[in-house]
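Structure data (CSV, C-alpha atoms) from my_file-v6.csv:
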chain,number,residue,atom,x,y,z
A,1,MET,CA,-47.9,-94.7,41.1
A,2,MET,CA,-47.0,-92.8,37.9
A,3,HIS,CA,-50.1,-94.2,36.2
A,4,GLN,CA,-52.4,-92.8,39.0
A,5,ARG,CA,-50.8,-89.4,38.7
A,6,ILE,CA,-51.4,-89.3,34.9
A,7,GLU,CA,-55.0,-90.4,35.4
A,8,ALA,CA,-55.5,-87.7,38.0
A,9,ALA,CA,-54.0,-85.0,35.7
A,10,GLY,CA,-56.2,-86.2,32.9
A,11,ALA,CA,-59.3,-86.0,35.0
A,12,ALA,CA,-58.5,-82.5,36.2
A,13,ARG,CA,-58.1,-81.4,32.6
A,14,ASP,CA,-61.5,-83.0,31.7
A,15,VAL,CA,-63.3,-80.3,33.7
A,16,ASP,CA,-62.1,-77.8,31.1
A,17,ARG,CA,-63.0,-80.1,28.1
A,18,TRP,CA,-66.1,-81.3,26.4
A,19,ILE,CA,-67.0,-84.5,24.6
A,20,VAL,CA,-69.4,-84.6,21.7
A,21,LEU,CA,-72.6,-86.5,21.8
A,22,ARG,CA,-74.4,-87.4,18.5
A,23,THR,CA,-78.1,-87.9,18.2
A,24,ALA,CA,-80.8,-87.6,15.5
A,25,ALA,CA,-81.4,-84.0,14.5
A,26,PRO,CA,-85.0,-83.8,15.9
A,27,ARG,CA,-83.8,-85.1,19.2
A,28,THR,CA,-80.9,-82.6,19.7
A,29,LEU,CA,-82.7,-80.2,22.1
A,30,ILE,CA,-84.6,-83.0,23.7
A,31,LEU,CA,-81.4,-84.9,24.6
A,32,ALA,CA,-79.7,-81.7,25.9
A,33,GLU,CA,-82.7,-80.9,28.2
A,34,ALA,CA,-83.0,-84.5,29.4
A,35,LEU,CA,-79.3,-84.7,30.3
A,36,ARG,CA,-79.4,-81.2,31.9
A,37,ALA,CA,-82.4,-82.3,34.0
A,38,ALA,CA,-80.3,-85.2,35.2
A,39,SER,CA,-77.6,-82.8,36.4
A,40,TYR,CA,-75.1,-83.2,33.5
A,41,ASP,CA,-73.3,-80.1,32.3
A,42,VAL,CA,-74.4,-80.0,28.6
A,43,TRP,CA,-74.7,-77.4,25.9
A,44,THR,CA,-75.8,-77.1,22.3
A,45,PRO,CA,-75.9,-73.9,20.4
A,46,THR,CA,-79.4,-72.6,19.7
A,47,ARG,CA,-81.3,-69.8,18.1
A,48,MET,CA,-84.9,-68.6,17.8
A,49,GLN,CA,-86.6,-69.2,14.5
A,50,LYS,CA,-90.0,-68.1,13.1
A,51,ARG,CA,-92.2,-70.9,12.0
A,52,ARG,CA,-95.8,-71.0,10.8
A,53,ALA,CA,-98.1,-72.0,13.6
A,54,LEU,CA,-100.5,-73.9,11.3
A,55,ARG,CA,-100.1,-75.2,7.8
A,56,GLY,CA,-101.4,-72.6,5.3
A,57,LYS,CA,-102.0,-69.9,7.9
A,58,THR,CA,-100.1,-66.7,8.1
A,59,LYS,CA,-99.7,-66.7,11.9
A,60,THR,CA,-96.1,-67.4,13.0
A,61,THR,CA,-94.6,-68.4,16.3
A,62,GLU,CA,-90.9,-68.4,17.4
A,63,VAL,CA,-89.3,-71.7,18.4
A,64,GLU,CA,-85.9,-72.6,19.7
A,65,VAL,CA,-83.9,-74.7,17.2
A,66,ALA,CA,-80.4,-76.2,17.3
A,67,LEU,CA,-77.7,-74.4,15.3
A,68,MET,CA,-75.8,-77.7,15.0
A,69,PRO,CA,-78.5,-80.4,14.8
A,70,THR,CA,-77.2,-83.8,16.0
A,71,PHE,CA,-74.4,-82.4,18.3
A,72,VAL,CA,-74.6,-81.9,22.0
A,73,PHE,CA,-71.5,-81.0,24.1
A,74,ALA,CA,-71.1,-82.6,27.5
A,75,ARG,CA,-68.4,-82.1,30.1
A,76,ALA,CA,-65.6,-84.7,29.6
A,77,ASN,CA,-65.4,-85.4,33.4
A,78,ARG,CA,-68.8,-87.3,33.1
A,79,LEU,CA,-67.6,-89.5,30.3
A,80,ASP,CA,-67.6,-92.7,32.4
A,81,ASP,CA,-71.2,-92.0,33.5
A,82,LEU,CA,-72.4,-91.5,29.9
A,83,GLN,CA,-70.7,-94.7,28.8
A,84,ILE,CA,-72.6,-96.6,31.6
A,85,VAL,CA,-75.8,-95.0,30.3
A,86,LEU,CA,-75.0,-96.3,26.8
A,87,ARG,CA,-74.7,-99.9,28.1
A,88,LEU,CA,-78.1,-99.8,29.8
A,89,PRO,CA,-80.6,-102.2,28.2
A,90,VAL,CA,-83.2,-99.4,28.3
A,91,SER,CA,-81.9,-95.8,28.3
A,92,PRO,CA,-83.8,-93.1,30.2
A,93,TYR,CA,-82.6,-90.6,27.6
A,94,PRO,CA,-83.1,-90.2,23.9
A,95,ALA,CA,-80.7,-92.4,21.8
A,96,PHE,CA,-77.2,-90.9,21.5
A,97,SER,CA,-73.7,-92.0,20.8
A,98,ILE,CA,-70.3,-90.6,21.9
A,99,PHE,CA,-68.3,-89.2,19.0
A,100,HIS,CA,-65.0,-91.0,18.3
A,101,HIS,CA,-62.2,-90.3,15.9
A,102,LEU,CA,-59.5,-92.9,15.1
A,103,GLY,CA,-60.8,-95.0,17.9
A,104,ARG,CA,-60.6,-92.4,20.6
A,105,VAL,CA,-63.2,-90.2,22.2
A,106,VAL,CA,-63.0,-86.7,20.9
A,107,ARG,CA,-62.4,-84.1,23.6
A,108,VAL,CA,-62.8,-80.4,22.8
A,109,TRP,CA,-61.3,-77.6,24.9
A,110,ASN,CA,-63.3,-74.7,26.2
A,111,SER,CA,-61.5,-72.3,23.9
A,112,GLU,CA,-62.8,-74.2,20.9
A,113,VAL,CA,-66.4,-74.2,22.2
A,114,GLU,CA,-66.1,-70.4,22.8
A,115,ARG,CA,-66.2,-69.8,19.0
A,116,LEU,CA,-69.6,-71.6,18.8
A,117,ARG,CA,-70.8,-69.6,21.8
A,118,THR,CA,-69.7,-66.4,20.0
A,119,GLU,CA,-71.8,-67.4,16.9
A,120,GLU,CA,-74.8,-68.1,19.1
A,121,LEU,CA,-74.4,-64.8,20.8
A,122,ARG,CA,-74.1,-62.9,17.5
A,123,GLY,CA,-77.3,-64.5,16.3
A,124,LYS,CA,-79.1,-63.4,19.5
A,125,ALA,CA,-77.6,-59.9,19.2
A,126,ARG,CA,-78.8,-59.5,15.6
A,127,ARG,CA,-82.3,-60.5,16.6
A,128,SER,CA,-82.3,-58.0,19.5
A,129,THR,CA,-84.4,-54.9,19.1
A,130,GLY,CA,-81.8,-52.9,20.8
A,131,ALA,CA,-84.2,-51.5,23.5
A,132,GLY,CA,-84.4,-52.8,27.0
A,133,ALA,CA,-82.5,-56.0,26.4
A,134,PRO,CA,-78.9,-55.5,27.6
A,135,LEU,CA,-76.6,-58.3,27.0
A,136,PHE,CA,-73.9,-57.0,29.4
A,137,ALA,CA,-74.1,-55.3,32.8
A,138,ALA,CA,-72.3,-52.1,33.6
A,139,GLY,CA,-68.9,-52.8,35.1
A,140,GLN,CA,-68.7,-56.3,33.5
A,141,GLN,CA,-65.4,-57.3,31.9
A,142,VAL,CA,-65.6,-58.1,28.1
A,143,ARG,CA,-63.2,-59.1,25.4
A,144,VAL,CA,-63.5,-57.8,21.8
A,145,GLU,CA,-63.8,-60.6,19.1
A,146,SER,CA,-64.0,-58.4,16.0
A,147,ASN,CA,-61.2,-57.3,13.7
A,148,HIS,CA,-60.9,-53.9,15.3
A,149,PHE,CA,-59.6,-54.1,18.9
A,150,ARG,CA,-59.4,-57.9,18.7
A,151,GLY,CA,-58.3,-59.4,22.0
A,152,LEU,CA,-58.6,-56.2,24.0
A,153,THR,CA,-60.3,-56.5,27.4
A,154,GLY,CA,-62.4,-53.6,28.6
A,155,GLU,CA,-65.2,-52.7,31.0
A,156,VAL,CA,-68.8,-52.1,30.0
A,157,VAL,CA,-70.1,-48.6,30.6
A,158,GLN,CA,-73.6,-49.3,29.3
A,159,SER,CA,-75.4,-51.7,27.0
A,160,ASP,CA,-78.8,-51.5,25.2
A,161,GLY,CA,-78.6,-55.0,23.7
A,162,ALA,CA,-77.5,-54.2,20.2
A,163,TRP,CA,-74.7,-51.8,21.1
A,164,THR,CA,-72.4,-51.7,24.1
A,165,VAL,CA,-70.3,-48.8,25.3
A,166,VAL,CA,-66.9,-50.1,26.4
A,167,THR,CA,-63.9,-48.3,28.1
A,168,PHE,CA,-60.4,-49.7,27.7
A,169,GLY,CA,-58.9,-47.6,30.5
A,170,GLY,CA,-58.2,-44.5,28.4
A,171,PRO,CA,-60.0,-41.2,28.1
A,172,PHE,CA,-62.3,-42.5,25.4
A,173,ASP,CA,-65.3,-44.8,25.4
A,174,PHE,CA,-66.1,-46.9,22.3
A,175,LYS,CA,-69.5,-47.9,21.1
A,176,ILE,CA,-69.2,-51.5,19.8
A,177,ALA,CA,-71.9,-53.9,18.4
A,178,SER,CA,-72.7,-56.3,21.2
A,179,MET,CA,-72.3,-59.3,18.9
A,180,HIS,CA,-68.5,-58.6,18.8
A,181,LEU,CA,-68.0,-58.9,22.6
A,182,ARG,CA,-67.5,-61.9,24.8
A,183,THR,CA,-67.3,-62.4,28.5
A,184,ASP,CA,-65.0,-65.0,30.1
A,185,GLN,CA,-68.0,-66.9,31.3
A,186,VAL,CA,-68.1,-70.2,29.3
A,187,GLN,CA,-71.5,-71.4,30.6
A,188,GLU,CA,-74.2,-68.7,30.0
A,189,ARG,CA,-77.2,-71.1,30.2
A,190,GLN,CA,-77.1,-72.7,33.6
A,191,PRO,CA,-79.0,-75.9,34.3
A,192,SER,CA,-82.1,-75.3,36.4

Translate the structure described by the file into structure tokens.
Amino acid sequence: MMHQRIEAAGAARDVDRWIVLRTAAPRTLILAEALRAASYDVWTPTRMQKRRALRGKTKTTEVEVALMPTFVFARANRLDDLQIVLRLPVSPYPAFSIFHHLGRVVRVWNSEVERLRTEELRGKARRSTGAGAPLFAAGQQVRVESNHFRGLTGEVVQSDGAWTVVTFGGPFDFKIASMHLRTDQVQERQPS
């Protein structure tokens, strides 16, 4: 009876945790997309990067690349399903493994993944032209992640992408670089 309660409590916590999947660097985004298409809740930090379209040509194109090649995060509550996939003789997904440390599956809390999401958001804010691309909607609650005002929660007055005007309930509004703000939403990119 006690063992069942402990398992149930562990499973409930696994909704708020991630496991780390490892794959070859070129397959990072392919694995994330394949698992997302199969209704797994997965995420890997990405950014847009300019690449030459053809060898020797000056024309460039932007492509999405992984910020942490080889790593894909998956919700820990699907660990059993992923272990079954690994035992299949022929996998429907690109080759991957589940990251272990000292013989145990590594589980990462949402709060630890938020740091990576902040870095991903900073990169996207830096690339923003600042015009017509708001990162935050008016009235949305945001938390400051920079040295000044760290941890304060405020409400967005307006955002143009690069900068966001935030009020903290006082008579003054503050213009803060959008890359220093976070929402409490952990999953920004939803599976389609």

| query | Interatomic distance between CA of Arg75 in chain A and CA of Ser91 in chain A? | reply |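 Separating CA of Arg75 in chain A from CA of Ser91 in chain A is a distance of 19.3 Å.
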
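Of the listed residues (A:His100, A:Asp14, A:Phe73, A:Ile19), A:Phe73 comes nearest to Arg36 in chain A; the distances count only C-alpha atoms.
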
| said: Applying 7 Å and only C-alpha atoms, which residues near range 103-119 of chain A remain after dropping the ones on its own chain fewer than 3 positions away? List them as a list in words. | reply: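 Neighbouring residues, sequence-local ones excluded: Asp16, Arg17, Trp18, Ile19, Val20, Pro45, Ala76, Phe99, His100, Arg122, Gly123, Arg182 and Val186 of chain A.
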
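Atom to atom, CA of Ile98 in chain A and CA of Glu64 in chain A stand 23.9 Å apart.
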
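From CA of Glu155 in chain A back to CA of Thr183 in chain A, the distance works out to 10.2 Å.
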
| task | Tell me which of A:Asp173, A:Glu145, A:Asp160, A:Asp81 sits closest to Ala38 in chain A, counting only C-alpha atoms. | result | A:Asp81

| A:Ser39, A:Thr58, A:Gln158, A:Thr28 ranked by distance to Pro94 in chain A, top pick (using all atoms listed in the file) | A:Thr28

| request: Would you mind telling me which residue in A:Met48, A:Val42, A:Leu29, A:Leu82 lies nearest to Val63 in chain A when using all atoms listed in the file? | output: A:Met48

| query | Near Phe168 in chain A, counting all atoms listed in the file, which residues have an atom at most 9 Å away, once you skip same-chain residues fewer than 4 positions from it, shown as a ChimeraX atom specification? | reply | /A:152-155,172-174

| message | I need every residue sitting at most 8 Å from the point (-75.9, -93.8, 23.2) (coordinates as in the file, only C-alpha atoms considered), written as a ChimeraX atom specification. | response | /A:82-83,85-87,95-98

Selection from above, C-alpha atoms, as a PDB file, keeping the file's coordinate frame, can you write it?
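Everything below was put into again-v2.pdb:
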ATOM      1  CA  LEU A  82     -72.400 -91.500  29.900  1.00  0.00           C
ATOM      2  CA  GLN A  83     -70.700 -94.700  28.800  1.00  0.00           C
ATOM      3  CA  VAL A  85     -75.800 -95.000  30.300  1.00  0.00           C
ATOM      4  CA  LEU A  86     -75.000 -96.300  26.800  1.00  0.00           C
ATOM      5  CA  ARG A  87     -74.700 -99.900  28.100  1.00  0.00           C
ATOM      6  CA  ALA A  95     -80.700 -92.400  21.800  1.00  0.00           C
ATOM      7  CA  PHE A  96     -77.200 -90.900  21.500  1.00  0.00           C
ATOM      8  CA  SER A  97     -73.700 -92.000  20.800  1.00  0.00           C
ATOM      9  CA  ILE A  98     -70.300 -90.600  21.900  1.00  0.00           C
TER      10      ILE A  98
END

| List as a VMD selection string: which residues have an atom within 8 Å of (-68.1, -55.0, 21.2), counting all atoms listed in the file? | chain A and resid 142 to 146 163 to 166 175 to 182
